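The file target-v9.pdb contains PDB, C-alpha atoms:
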```pdb
ATOM      1  CA  ALA A   1     -41.191-126.171 -10.557
ATOM      2  CA  GLN A   2     -42.010-127.398 -14.010
ATOM      3  CA  LEU A   3     -42.450-131.081 -14.734
ATOM      4  CA  HIS A   4     -41.833-132.850 -18.009
ATOM      5  CA  SER A   5     -44.329-135.716 -17.746
ATOM      6  CA  ARG A   6     -44.619-138.920 -19.735
ATOM      7  CA  ARG A   7     -46.978-141.884 -19.475
ATOM      8  CA  GLU A   8     -44.819-145.014 -19.562
ATOM      9  CA  LYS A   9     -45.104-148.755 -19.001
ATOM     10  CA  TYR A  10     -42.812-151.543 -17.908
ATOM     11  CA  GLU A  11     -43.118-155.303 -18.043
ATOM     12  CA  ALA A  12     -43.240-157.178 -14.756
ATOM     13  CA  SER A  13     -41.297-160.438 -14.418
ATOM     14  CA  ASP A  14     -44.438-162.468 -15.202
ATOM     15  CA  GLY A  15     -45.062-160.560 -18.462
ATOM     16  CA  VAL A  16     -47.823-158.212 -17.235
ATOM     17  CA  ASP A  17     -47.715-154.587 -18.461
ATOM     18  CA  LEU A  18     -47.770-152.033 -15.647
ATOM     19  CA  PHE A  19     -48.166-148.292 -16.174
ATOM     20  CA  TYR A  20     -46.733-145.254 -14.434
ATOM     21  CA  ASP A  21     -46.194-141.519 -14.845
ATOM     22  CA  ASP A  22     -42.586-140.368 -15.135
ATOM     23  CA  HIS A  23     -42.219-136.721 -14.058
ATOM     24  CA  GLU A  24     -38.837-135.136 -14.698
ATOM     25  CA  VAL A  25     -38.287-132.015 -12.594
ATOM     26  CA  LEU A  26     -36.977-129.435 -15.063
ATOM     27  CA  GLY A  27     -34.038-127.301 -13.926
ATOM     28  CA  SER A  28     -33.250-129.568 -10.976
ATOM     29  CA  GLY A  29     -29.803-130.294 -12.380
ATOM     30  CA  ASP A  30     -27.824-133.467 -11.788
ATOM     31  CA  GLY A  31     -27.586-135.210  -8.478
ATOM     32  CA  GLY A  32     -31.219-135.059  -7.350
ATOM     33  CA  GLY A  33     -32.907-138.159  -6.000
ATOM     34  CA  SER A  34     -36.317-139.589  -6.772
ATOM     35  CA  LEU A  35     -39.706-140.192  -5.214
ATOM     36  CA  VAL A  36     -41.905-143.170  -6.122
ATOM     37  CA  PHE A  37     -45.578-143.045  -5.099
ATOM     38  CA  LEU A  38     -47.669-146.199  -4.502
ATOM     39  CA  HIS A  39     -51.411-145.735  -4.013
ATOM     40  CA  GLY A  40     -53.619-147.953  -1.867
ATOM     41  CA  TRP A  41     -56.162-150.732  -2.434
ATOM     42  CA  SER A  42     -58.892-149.738  -4.957
ATOM     43  CA  GLY A  43     -57.167-146.463  -5.896
ATOM     44  CA  SER A  44     -54.865-145.469  -8.755
ATOM     45  CA  GLY A  45     -51.887-143.240  -9.377
ATOM     46  CA  ARG A  46     -54.279-140.359  -9.985
ATOM     47  CA  TYR A  47     -55.042-140.266  -6.247
ATOM     48  CA  TRP A  48     -51.663-138.536  -5.885
ATOM     49  CA  SER A  49     -52.540-135.656  -8.249
ATOM     50  CA  PRO A  50     -53.220-133.083  -5.448
ATOM     51  CA  ALA A  51     -49.860-133.983  -3.843
ATOM     52  CA  LEU A  52     -48.121-133.636  -7.214
ATOM     53  CA  ASP A  53     -49.647-130.175  -7.660
ATOM     54  CA  ALA A  54     -48.322-129.344  -4.184
ATOM     55  CA  PHE A  55     -44.808-130.392  -5.254
ATOM     56  CA  VAL A  56     -44.985-128.088  -8.284
ATOM     57  CA  ALA A  57     -45.945-125.210  -5.967
ATOM     58  CA  GLN A  58     -43.125-125.888  -3.447
ATOM     59  CA  PRO A  59     -40.457-128.131  -5.004
ATOM     60  CA  SER A  60     -37.300-129.545  -3.492
ATOM     61  CA  ALA A  61     -33.987-128.878  -5.229
ATOM     62  CA  HIS A  62     -32.966-132.386  -4.153
ATOM     63  CA  VAL A  63     -35.674-134.221  -6.141
ATOM     64  CA  SER A  64     -35.073-134.626  -9.874
ATOM     65  CA  ARG A  65     -37.582-137.384 -10.679
ATOM     66  CA  ILE A  66     -41.049-138.408  -9.478
ATOM     67  CA  TYR A  67     -42.697-141.675 -10.502
ATOM     68  CA  VAL A  68     -46.370-142.396  -9.833
ATOM     69  CA  ILE A  69     -47.318-146.047 -10.367
ATOM     70  CA  ASP A  70     -50.651-147.713 -11.131
ATOM     71  CA  ILE A  71     -50.258-150.934  -9.179
ATOM     72  CA  ARG A  72     -51.340-154.217 -10.773
ATOM     73  CA  GLY A  73     -55.112-154.488 -11.264
ATOM     74  CA  HIS A  74     -55.639-150.733 -10.740
ATOM     75  CA  GLY A  75     -55.762-147.743 -13.103
ATOM     76  CA  ASP A  76     -54.226-148.621 -16.476
ATOM     77  CA  SER A  77     -52.200-151.566 -15.163
ATOM     78  CA  ALA A  78     -53.343-154.910 -16.504
ATOM     79  CA  PHE A  79     -55.950-156.920 -14.646
ATOM     80  CA  THR A  80     -54.630-160.388 -13.854
ATOM     81  CA  GLY A  81     -57.443-162.690 -12.839
ATOM     82  CA  ASP A  82     -59.301-162.986  -9.561
ATOM     83  CA  GLY A  83     -56.820-161.465  -7.207
ATOM     84  CA  CYS A  84     -53.214-161.253  -6.340
ATOM     85  CA  THR A  85     -50.971-161.005  -3.302
ATOM     86  CA  VAL A  86     -49.129-158.172  -1.617
ATOM     87  CA  ALA A  87     -45.956-160.216  -2.227
ATOM     88  CA  ARG A  88     -46.575-160.060  -5.995
ATOM     89  CA  LEU A  89     -47.102-156.284  -5.799
ATOM     90  CA  ALA A  90     -43.743-156.034  -4.007
ATOM     91  CA  GLU A  91     -42.159-158.051  -6.833
ATOM     92  CA  ASP A  92     -43.695-155.532  -9.251
ATOM     93  CA  LEU A  93     -41.998-152.715  -7.322
ATOM     94  CA  ARG A  94     -38.714-154.617  -7.481
ATOM     95  CA  ASP A  95     -39.177-155.069 -11.254
ATOM     96  CA  PHE A  96     -39.854-151.330 -11.639
ATOM     97  CA  ILE A  97     -36.694-150.350  -9.753
ATOM     98  CA  SER A  98     -34.615-152.851 -11.771
ATOM     99  CA  ALA A  99     -36.061-151.718 -15.109
ATOM    100  CA  ARG A 100     -36.021-147.936 -14.587
ATOM    101  CA  LYS A 101     -33.096-147.482 -12.164
ATOM    102  CA  PRO A 102     -34.469-144.288 -10.553
ATOM    103  CA  PRO A 103     -31.864-141.717  -9.442
ATOM    104  CA  ARG A 104     -30.640-142.243  -5.873
ATOM    105  CA  PRO A 105     -31.427-141.539  -3.131
ATOM    106  CA  LEU A 106     -34.701-143.311  -3.868
ATOM    107  CA  CYS A 107     -37.588-142.826  -1.467
ATOM    108  CA  VAL A 108     -40.818-144.803  -1.915
ATOM    109  CA  CYS A 109     -44.055-143.438  -0.466
ATOM    110  CA  GLY A 110     -46.841-145.974   0.082
ATOM    111  CA  SER A 111     -50.340-144.995   1.148
ATOM    112  CA  SER A 112     -52.476-147.568   2.966
ATOM    113  CA  MET A 113     -51.831-150.950   1.261
ATOM    114  CA  GLY A 114     -48.947-149.202  -0.559
ATOM    115  CA  ALA A 115     -47.138-149.240   2.817
ATOM    116  CA  ALA A 116     -47.660-153.021   3.064
ATOM    117  CA  ILE A 117     -46.112-153.363  -0.410
ATOM    118  CA  LEU A 118     -42.983-151.714   1.003
ATOM    119  CA  TRP A 119     -42.969-154.054   4.024
ATOM    120  CA  SER A 120     -43.257-157.056   1.712
ATOM    121  CA  HIS A 121     -40.429-155.663  -0.435
ATOM    122  CA  CYS A 122     -38.320-155.436   2.723
ATOM    123  CA  GLU A 123     -39.253-158.997   3.736
ATOM    124  CA  GLN A 124     -38.288-160.399   0.324
ATOM    125  CA  TYR A 125     -35.290-158.244  -0.610
ATOM    126  CA  GLY A 126     -34.106-156.590   2.609
ATOM    127  CA  ASN A 127     -33.393-152.876   2.356
ATOM    128  CA  ASP A 128     -31.732-153.234  -1.042
ATOM    129  CA  GLY A 129     -32.631-150.630  -3.670
ATOM    130  CA  VAL A 130     -34.787-148.380  -1.463
ATOM    131  CA  ASP A 131     -33.044-145.652   0.537
ATOM    132  CA  GLY A 132     -36.028-144.322   2.479
ATOM    133  CA  ALA A 133     -39.719-145.043   2.967
ATOM    134  CA  VAL A 134     -42.825-142.984   3.690
ATOM    135  CA  PHE A 135     -45.968-144.680   5.041
ATOM    136  CA  VAL A 136     -49.419-143.090   5.031
ATOM    137  CA  ASP A 137     -52.144-144.256   7.438
ATOM    138  CA  GLN A 138     -51.595-148.017   7.527
ATOM    139  CA  ALA A 139     -51.413-150.156  10.673
ATOM    140  CA  PRO A 140     -48.971-153.116  10.679
ATOM    141  CA  LEU A 141     -51.897-155.581  10.975
ATOM    142  CA  GLN A 142     -55.553-155.056  10.017
ATOM    143  CA  TYR A 143     -57.162-158.067  11.737
ATOM    144  CA  GLU A 144     -57.535-158.301  15.514
ATOM    145  CA  LYS A 145     -55.409-160.767  17.478
ATOM    146  CA  GLU A 146     -55.034-161.609  21.169
ATOM    147  CA  ASP A 147     -52.178-159.112  21.427
ATOM    148  CA  TRP A 148     -53.446-156.602  18.841
ATOM    149  CA  LYS A 149     -56.555-154.429  18.923
ATOM    150  CA  LEU A 150     -55.294-151.391  16.995
ATOM    151  CA  GLY A 151     -55.965-152.605  13.442
ATOM    152  CA  SER A 152     -58.666-151.828  10.904
ATOM    153  CA  LYS A 153     -61.865-150.222  12.194
ATOM    154  CA  GLY A 154     -63.935-152.061   9.585
ATOM    155  CA  LEU A 155     -62.044-155.322   8.926
ATOM    156  CA  ARG A 156     -61.482-157.026  12.271
ATOM    157  CA  GLY A 157     -61.769-160.600  11.058
ATOM    158  CA  PRO A 158     -62.996-163.035   8.376
ATOM    159  CA  SER A 159     -66.715-162.172   8.716
ATOM    160  CA  ASP A 160     -65.936-158.497   8.014
ATOM    161  CA  LEU A 161     -63.912-159.542   4.964
ATOM    162  CA  ALA A 162     -66.826-161.652   3.680
ATOM    163  CA  GLY A 163     -69.121-158.640   4.103
ATOM    164  CA  LEU A 164     -66.722-156.424   2.156
ATOM    165  CA  GLN A 165     -66.410-158.965  -0.670
ATOM    166  CA  ARG A 166     -70.203-159.230  -0.816
ATOM    167  CA  ALA A 167     -70.559-155.436  -1.002
ATOM    168  CA  LEU A 168     -67.995-155.273  -3.813
ATOM    169  CA  ASN A 169     -69.752-157.947  -5.860
ATOM    170  CA  GLU A 170     -73.321-156.830  -5.221
ATOM    171  CA  ASP A 171     -72.986-153.079  -5.818
ATOM    172  CA  MET A 172     -69.550-151.824  -6.818
ATOM    173  CA  LYS A 173     -70.969-148.355  -7.554
ATOM    174  CA  ALA A 174     -72.331-147.971  -4.036
ATOM    175  CA  PHE A 175     -69.039-149.239  -2.598
ATOM    176  CA  ALA A 176     -67.000-146.746  -4.655
ATOM    177  CA  ALA A 177     -69.258-143.845  -3.657
ATOM    178  CA  GLY A 178     -69.105-144.847   0.026
ATOM    179  CA  ASN A 179     -65.312-145.087   0.011
ATOM    180  CA  ALA A 180     -64.931-141.301   0.325
ATOM    181  CA  GLU A 181     -67.156-141.292   3.418
ATOM    182  CA  ALA A 182     -64.742-143.654   5.181
ATOM    183  CA  CYS A 183     -61.548-141.999   3.936
ATOM    184  CA  LEU A 184     -62.257-138.242   4.098
ATOM    185  CA  VAL A 185     -63.433-136.309   7.177
ATOM    186  CA  ASP A 186     -65.815-134.254   5.018
ATOM    187  CA  PRO A 187     -66.057-135.253   1.333
ATOM    188  CA  LYS A 188     -67.927-132.013   0.590
ATOM    189  CA  SER A 189     -64.876-129.994   1.647
ATOM    190  CA  VAL A 190     -62.820-131.589  -1.142
ATOM    191  CA  ASP A 191     -63.115-130.244  -4.682
ATOM    192  CA  LYS A 192     -65.938-132.071  -6.514
ATOM    193  CA  ASP A 193     -63.697-132.820  -9.505
ATOM    194  CA  ILE A 194     -61.353-134.690  -7.168
ATOM    195  CA  THR A 195     -64.029-136.737  -5.364
ATOM    196  CA  GLU A 196     -65.581-137.693  -8.718
ATOM    197  CA  MET A 197     -62.144-138.761  -9.978
ATOM    198  CA  LEU A 198     -61.570-140.896  -6.843
ATOM    199  CA  THR A 199     -64.849-142.753  -7.401
ATOM    200  CA  ARG A 200     -64.244-143.132 -11.133
ATOM    201  CA  GLU A 201     -60.800-144.675 -10.576
ATOM    202  CA  THR A 202     -62.168-147.202  -8.052
ATOM    203  CA  LEU A 203     -64.819-148.258 -10.578
ATOM    204  CA  ARG A 204     -62.058-149.219 -13.027
ATOM    205  CA  CYS A 205     -61.081-152.099 -10.717
ATOM    206  CA  SER A 206     -62.619-155.571 -10.864
ATOM    207  CA  PRO A 207     -64.639-156.349  -7.708
ATOM    208  CA  THR A 208     -63.434-159.976  -7.644
ATOM    209  CA  PHE A 209     -59.818-158.854  -8.035
ATOM    210  CA  LEU A 210     -60.195-156.356  -5.173
ATOM    211  CA  GLY A 211     -61.850-158.968  -2.953
ATOM    212  CA  GLY A 212     -59.075-161.478  -3.582
ATOM    213  CA  LEU A 213     -56.326-158.939  -2.955
ATOM    214  CA  MET A 214     -57.916-157.731   0.291
ATOM    215  CA  ALA A 215     -58.214-161.339   1.523
ATOM    216  CA  ASP A 216     -54.409-161.549   1.338
ATOM    217  CA  HIS A 217     -53.591-158.023   2.554
ATOM    218  CA  THR A 218     -55.882-157.797   5.568
ATOM    219  CA  GLN A 219     -54.582-160.869   7.450
ATOM    220  CA  ILE A 220     -50.823-160.265   7.178
ATOM    221  CA  ASP A 221     -49.030-159.288  10.386
ATOM    222  CA  TRP A 222     -46.041-157.093   9.457
ATOM    223  CA  ARG A 223     -44.888-156.303  12.995
ATOM    224  CA  GLY A 224     -41.932-158.707  12.903
ATOM    225  CA  VAL A 225     -40.677-157.441   9.525
ATOM    226  CA  ILE A 226     -40.916-153.809  10.670
ATOM    227  CA  ARG A 227     -39.152-154.520  13.978
ATOM    228  CA  GLU A 228     -36.417-156.810  12.692
ATOM    229  CA  ARG A 229     -35.765-156.076   9.028
ATOM    230  CA  LEU A 230     -36.627-152.463   8.237
ATOM    231  CA  LYS A 231     -33.294-150.603   8.474
ATOM    232  CA  ILE A 232     -33.835-147.472   6.355
ATOM    233  CA  PRO A 233     -35.039-143.991   7.377
ATOM    234  CA  ILE A 234     -38.828-143.781   7.557
ATOM    235  CA  LEU A 235     -41.455-141.058   7.751
ATOM    236  CA  ASN A 236     -44.901-142.116   8.962
ATOM    237  CA  PHE A 237     -48.185-140.197   8.556
ATOM    238  CA  ALA A 238     -51.409-140.888  10.459
ATOM    239  CA  GLY A 239     -54.851-139.312  10.182
ATOM    240  CA  GLY A 240     -56.115-138.392  13.655
ATOM    241  CA  MET A 241     -59.696-138.733  12.400
ATOM    242  CA  SER A 242     -59.070-141.680  10.071
ATOM    243  CA  GLY A 243     -62.166-143.745   9.419
ATOM    244  CA  VAL A 244     -59.926-146.723   8.616
ATOM    245  CA  PHE A 245     -57.302-147.002  11.402
ATOM    246  CA  PRO A 246     -56.811-145.606  14.909
ATOM    247  CA  ALA A 247     -53.799-143.271  14.907
ATOM    248  CA  GLU A 248     -52.274-145.326  17.774
ATOM    249  CA  GLY A 249     -52.214-148.378  15.497
ATOM    250  CA  VAL A 250     -50.417-146.458  12.745
ATOM    251  CA  ALA A 251     -47.975-144.947  15.282
ATOM    252  CA  LYS A 252     -46.972-148.472  16.400
ATOM    253  CA  ILE A 253     -44.723-148.578  13.305
ATOM    254  CA  ASN A 254     -42.413-145.956  14.822
ATOM    255  CA  GLU A 255     -42.460-147.767  18.157
ATOM    256  CA  LEU A 256     -41.519-151.091  16.526
ATOM    257  CA  ILE A 257     -38.535-149.478  14.780
ATOM    258  CA  GLY A 258     -37.523-147.915  18.064
ATOM    259  CA  ASP A 259     -34.786-145.562  16.846
ATOM    260  CA  GLU A 260     -35.829-142.145  18.150
ATOM    261  CA  SER A 261     -33.750-140.120  15.681
ATOM    262  CA  GLN A 262     -35.002-137.898  12.883
ATOM    263  CA  LYS A 263     -34.710-140.976  10.676
ATOM    264  CA  ASN A 264     -37.833-142.431  12.321
ATOM    265  CA  ARG A 265     -40.434-139.677  12.314
ATOM    266  CA  LEU A 266     -44.207-139.529  12.843
ATOM    267  CA  HIS A 267     -46.668-136.858  11.736
ATOM    268  CA  VAL A 268     -50.249-137.108  13.001
ATOM    269  CA  TYR A 269     -52.673-134.810  11.173
ATOM    270  CA  ASP A 270     -55.276-134.433  13.915
ATOM    271  CA  THR A 271     -58.117-133.190  11.710
ATOM    272  CA  CYS A 272     -57.541-135.513   8.723
ATOM    273  CA  SER A 273     -58.759-138.965   7.738
ATOM    274  CA  HIS A 274     -57.229-141.823   5.724
ATOM    275  CA  TRP A 275     -56.630-139.760   2.564
ATOM    276  CA  LEU A 276     -54.791-136.979   4.403
ATOM    277  CA  TYR A 277     -52.613-136.239   1.335
ATOM    278  CA  ILE A 278     -55.830-135.323  -0.522
ATOM    279  CA  GLU A 279     -57.252-133.296   2.380
ATOM    280  CA  ARG A 280     -54.023-131.374   3.127
ATOM    281  CA  PRO A 281     -51.736-131.856   0.094
ATOM    282  CA  MET A 282     -49.590-128.734   0.667
ATOM    283  CA  GLU A 283     -48.815-129.619   4.279
ATOM    284  CA  PHE A 284     -48.229-133.273   3.376
ATOM    285  CA  MET A 285     -45.742-132.441   0.617
ATOM    286  CA  LYS A 286     -44.022-129.784   2.747
ATOM    287  CA  ASP A 287     -43.482-132.297   5.576
ATOM    288  CA  LEU A 288     -42.362-135.038   3.173
ATOM    289  CA  LEU A 289     -39.849-132.807   1.367
ATOM    290  CA  ALA A 290     -38.476-131.295   4.599
ATOM    291  CA  TRP A 291     -37.755-134.842   5.813
ATOM    292  CA  PHE A 292     -36.306-135.858   2.414
ATOM    293  CA  ASP A 293     -34.008-132.819   2.307
ATOM    294  CA  GLU A 294     -32.805-133.384   5.868
ATOM    295  CA  VAL A 295     -32.509-137.175   6.036
ATOM    296  CA  MET A 296     -32.248-138.538   2.492
ATOM    297  CA  VAL A 297     -29.773-136.154   0.878
ATOM    298  CA  MET A 298     -26.347-137.761   1.004
TER     299      MET A 298
END
```

What's the structure tokens form of this structure?
Amino acid sequence: AQLHSRREKYEASDGVDLFYDDHEVLGSGDGGGSLVFLHGWSGSGRYWSPALDAFVAQPSAHVSRIYVIDIRGHGDSAFTGDGCTVARLAEDLRDFISARKPPRPLCVCGSSMGAAILWSHCEQYGNDGVDGAVFVDQAPLQYEKEDWKLGSKGLRGPSDLAGLQRALNEDMKAFAAGNAEACLVDPKSVDKDITEMLTRETLRCSPTFLGGLMADHTQIDWRGVIRERLKIPILNFAGGMSGVFPAEGVAKINELIGDESQKNRLHVYDTCSHWLYIERPMEFMKDLLAWFDEVMVM
């Protein structure tokens, strides 16, 4: 496939400029749907570049548009003070869909905190405007609770959060460099240009902004929203060797939804970590597009 790509921006409802890449799939004809990609906490839209290359190598005739967003406070999207909430990021997604009206069916893929943005969108707006959702390696709650021990491996409670915020503020460079160790099984097995890009993009973020956003994100329990409100087809990916979440915690999403059809599917990549779409981009895109072609095409 060939992509006609443009760097664009839109204005969120509170006046903040947010940036994204708009990739038109040339020769796809009319009637194709669209994919929107949301990166995770401390990343940027560029984290999806290996997956985008994989799409070019093995496109779907049913996808005519791909949008890759820099979420607020990340990449090129404007920094807005000392933090923000997942709910605000979900509003930003809503504003994007309203402003750009992506071709339907519209599937949004959220990695890590990007998945929580989708759950917040569902909580605030129901299933309106999004036809399908893909989640990548995110448990429905990061903190531990009496009835929940399958959350974050590194952020089990407030003292862990305080430690993370301290690390961000004391040595952001060391934090950014160490991120790959937690999120890739073997950073040396990934192309050096890519790992350097990942670190560089994290360093564009403000440490106080990241600390404030994580304080909101890490304590939200999305189990009720997923069980009761999420009524669209979903595809869920887990890294079997994720340094961030146990795969059983990620797989709970499918269990909460409960519908055992092809519209509620789980892929566990046994030998991958949190950034599985960077470790195995061809397989990731192949699985995503096979599901899209089967489930999303009207």

Stretch 129-148 of chain A near stretch 223-242 of chain A within 8 Å: what's each residue's closest atom pair and its distance in Å to one decimal, counting all atoms listed in the file, ordered by chain then ascending residue number, as JSON lines?
```
{"residue": "A:Val130", "atom": "CA", "partner": "A:Ile232", "partner_atom": "CA", "distance": 7.9}
{"residue": "A:Asp131", "atom": "CA", "partner": "A:Ile232", "partner_atom": "CA", "distance": 6.1}
{"residue": "A:Gly132", "atom": "CA", "partner": "A:Pro233", "partner_atom": "CA", "distance": 5.0}
{"residue": "A:Ala133", "atom": "CA", "partner": "A:Ile234", "partner_atom": "CA", "distance": 4.8}
{"residue": "A:Val134", "atom": "CA", "partner": "A:Leu235", "partner_atom": "CA", "distance": 4.7}
{"residue": "A:Phe135", "atom": "CA", "partner": "A:Asn236", "partner_atom": "CA", "distance": 4.8}
{"residue": "A:Val136", "atom": "CA", "partner": "A:Phe237", "partner_atom": "CA", "distance": 4.7}
{"residue": "A:Asp137", "atom": "CA", "partner": "A:Ala238", "partner_atom": "CA", "distance": 4.6}
{"residue": "A:Gln138", "atom": "CA", "partner": "A:Ala238", "partner_atom": "CA", "distance": 7.7}
{"residue": "A:Pro140", "atom": "CA", "partner": "A:Arg223", "partner_atom": "CA", "distance": 5.7}
{"residue": "A:Leu141", "atom": "CA", "partner": "A:Arg223", "partner_atom": "CA", "distance": 7.3}
```

Exercise for the section: Apply the PyMOL selection byres ((chain A and resi 125) around 12) to the structure shown and report the selected residues as number ranges by chain. Expected result: A: 87, 90-91, 93-95, 117-124, 126-130, 225, 229-230

Practice task
Decode the PyMOL selection byres ((chain A and resi 193-199) around 10) for the given file into explicit residues and return them as an MDAnalysis selection string.
Solution key: chainID A and resid 42:44 46:47 49:50 173:180 184 187:192 200:204 278

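With only C-alpha atoms as the atoms that count, the minimum distance from A:Ile220 to the choices A:Gly83, A:Gly249, A:Gly75, A:Gly151 is reached by A:Gly151.
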
Practice task
Rank nothing, just name the residue among A:Ala139, A:Ile69, A:Met282, A:Leu18 nearest to A:Val250, using all atoms listed in the file.
Solution key: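 Nearest candidate to A:Val250 out of A:Ala139, A:Ile69, A:Met282, A:Leu18: A:Ala139.
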
Handout entry: Result set, the PyMOL selection byres ((chain A and resi 54) around 10) on current file, as a VMD selection string
Key = chain A and resid 48 to 53 55 to 59 277 280 to 286

Practice task
Name the residues in contact with A:Gly27 at a cut-off of 12 Å, using all atoms listed in the file, excluding same-chain residues fewer than 2 positions from it; report them as number ranges by chain.
Solution key: A: 1-4, 24-25, 29-32, 59-65

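Pairwise distance (atom CA of A:Leu168, atom CA of A:Leu210) equals 8.0 Å.
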
Would you give the centre and edge lengths, in Å to one decimal, of a box along x, y and z around the listed atoms of stretch 59-64 of chain A, with 3 Å added to each side, as JSON?
```
{"center_x": -36.7, "center_y": -131.4, "center_z": -6.7, "size_x": 13.5, "size_y": 12.5, "size_z": 12.4}
```

Completion exercise
In Å and to one decimal, atom CA of A:Glu146 is distant from atom CA of A:Lys252 by 16.1 Å

Exercise for the section: Rank A:Phe96, A:Trp148, A:Phe209, A:Phe37 by their smallest atom-to-atom distance to A:Gly73, using all atoms listed in the file, and report the top residue only. Expected result: A:Phe209

Exercise for the section: For atom CA of A:Arg7 and atom CA of A:Phe19, quote the distance in Å rounded to one decimal. Expected result: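 If I compute the distance from atom CA of A:Arg7 to atom CA of A:Phe19, I get 7.3 Å.
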